[in-house]
Amino acid sequence: MTRSEEGPDGEWAVRHVPGGSSVKDYRCPGCDQTIPAGVGHVVTWPAGEYGTVEERRHWHLPCWNARGRRRPGIRRPR
C-alpha cells in the first residue's frame with residue numbers, strides 16, 4: 001500500500017517493500033550501501049503529477065527517516 005508523506009523536501013509517495021517481495025539488489029541513496037535482495041525497505045517517488053517511474057528510489061527505512069539530518073556522502077563505485 002502506498003502512503004503519502006509530507007516533509008521539508010516536499011510530498012512523497014512511499015511504499016513499504018517486504019523482504020520476501022524484494023528480488024534484486026538496490027543502492028540506497030541515503031547511505032550509498034546496497035540493499036540486498038530479500039531485505040525489506042521502502043521505495044519513494046515525488047507525489048502527485050510530478051513523480052515518474054524514473055524518479056523511484058529504494059531506501060533503507062532508517063535512511064529514509066533520517067534523510068533530513070544526513071549530509072551527502074561519498075559515492076561508491078557500482
# chains A, B, ... in the order shown; residues from 1 in each chain; ligands from 1
call {"tool": "select_by_dssp", "arguments": {"residues": "chain A", "states": "strand (DSSP E)", "output": "ChimeraX atom specification"}}
result
/A:2-7,10-17,26-27,34-35,41-46,57-59
call {"tool": "select_by_dssp", "arguments": {"residues": "chain A", "states": "helix (DSSP H, G or I)", "output": "VMD selection string"}}
result
chain A and resid 19 to 21 48 to 50 53 to 55 61 to 65
call {"tool": "residues_around", "arguments": {"residues": "Asp9 in chain A", "least_positions_apart": "4", "cutoff": "12 Å", "atoms": "only C-alpha atoms", "output": "list in words"}}
result
Glu5, Trp45, Pro46, Ala47, Trp64, Arg67, Gly68 and Arg69 of chain A
call {"tool": "closest_residue", "arguments": {"among": "A:Met1, A:Val17, A:Ala66, A:Val23", "to": "Pro36 in chain A", "atoms": "only C-alpha atoms"}}
result
A:Val23
call {"tool": "closest_atom_pairs", "arguments": {"of": "range 22-47 of chain A", "to": "range 51-60 of chain A", "cutoff": "9 Å", "atoms": "only C-alpha atoms", "output": "tab-separated table"}}
result
residue	atom	partner	partner_atom	distance
A:Tyr26	CA	A:His58	CA	6.4
A:Arg27	CA	A:His58	CA	7.0
A:Cys28	CA	A:Trp59	CA	4.7
A:Pro29	CA	A:Trp59	CA	6.5
A:Gly30	CA	A:Trp59	CA	6.8
A:Cys31	CA	A:His60	CA	8.4
A:Ile35	CA	A:His60	CA	7.1
A:Val39	CA	A:His60	CA	8.9
A:Gly40	CA	A:His60	CA	7.8
A:His41	CA	A:His60	CA	5.0
A:Val42	CA	A:Trp59	CA	5.4
A:Val43	CA	A:His58	CA	4.3
A:Thr44	CA	A:Arg57	CA	5.3
A:Trp45	CA	A:Arg56	CA	4.6
A:Pro46	CA	A:Gly51	CA	4.4
A:Ala47	CA	A:Gly51	CA	5.6
call {"tool": "write_last_selection", "arguments": {"atoms": "N, CA and C atoms", "output": "compact mmCIF listing (two decimals), in the first residue's frame"}}
result
# COMPACT_ATOMS: atom_id res chain seq x y z
N TYR A 26 19.44 -3.17 -4.71
CA TYR A 26 19.29 -1.74 -5.00
C TYR A 26 20.37 -0.99 -4.23
N ARG A 27 20.63 0.24 -4.62
CA ARG A 27 21.59 1.10 -3.93
C ARG A 27 20.80 2.19 -3.20
N CYS A 28 20.94 2.27 -1.88
CA CYS A 28 20.23 3.26 -1.07
C CYS A 28 20.89 4.63 -1.27
N PRO A 29 20.12 5.65 -1.66
CA PRO A 29 20.70 6.98 -1.85
C PRO A 29 21.07 7.66 -0.53
N GLY A 30 20.56 7.15 0.59
CA GLY A 30 20.85 7.77 1.88
C GLY A 30 22.22 7.42 2.42
N CYS A 31 22.62 6.16 2.25
CA CYS A 31 23.92 5.71 2.78
C CYS A 31 24.85 5.19 1.69
N ILE A 35 21.16 -2.49 -0.83
CA ILE A 35 20.03 -3.14 -0.18
C ILE A 35 19.91 -4.49 -0.89
N VAL A 39 15.71 -8.15 1.45
CA VAL A 39 15.72 -7.25 2.61
C VAL A 39 14.60 -6.22 2.44
N GLY A 40 13.76 -6.08 3.46
CA GLY A 40 12.68 -5.10 3.42
C GLY A 40 13.23 -3.68 3.35
N HIS A 41 12.52 -2.81 2.67
CA HIS A 41 12.94 -1.42 2.51
C HIS A 41 11.74 -0.60 2.05
N VAL A 42 11.94 0.66 1.73
CA VAL A 42 10.88 1.49 1.17
C VAL A 42 11.29 1.98 -0.20
N VAL A 43 10.31 2.16 -1.06
CA VAL A 43 10.54 2.79 -2.36
C VAL A 43 9.76 4.10 -2.34
N THR A 44 10.39 5.17 -2.81
CA THR A 44 9.78 6.50 -2.75
C THR A 44 9.87 7.18 -4.11
N TRP A 45 8.94 8.12 -4.33
CA TRP A 45 8.97 8.96 -5.52
C TRP A 45 8.19 10.23 -5.22
N PRO A 46 8.46 11.31 -5.93
CA PRO A 46 7.70 12.54 -5.70
C PRO A 46 6.21 12.30 -5.91
N ALA A 47 5.41 12.81 -5.01
CA ALA A 47 3.96 12.60 -5.08
C ALA A 47 3.32 13.50 -6.13
call {"tool": "atom_distance", "arguments": {"atom1": "CA of Ser4 in chain A", "atom2": "CA of Ala37 in chain A"}}
result
24.8 Å
call {"tool": "atom_distance", "arguments": {"atom1": "CA of Ser22 in chain A", "atom2": "CA of Thr34 in chain A"}}
result
12.6 Å
call {"tool": "atom_distance", "arguments": {"atom1": "CA of Pro62 in chain A", "atom2": "CA of His16 in chain A"}}
result
12.4 Å
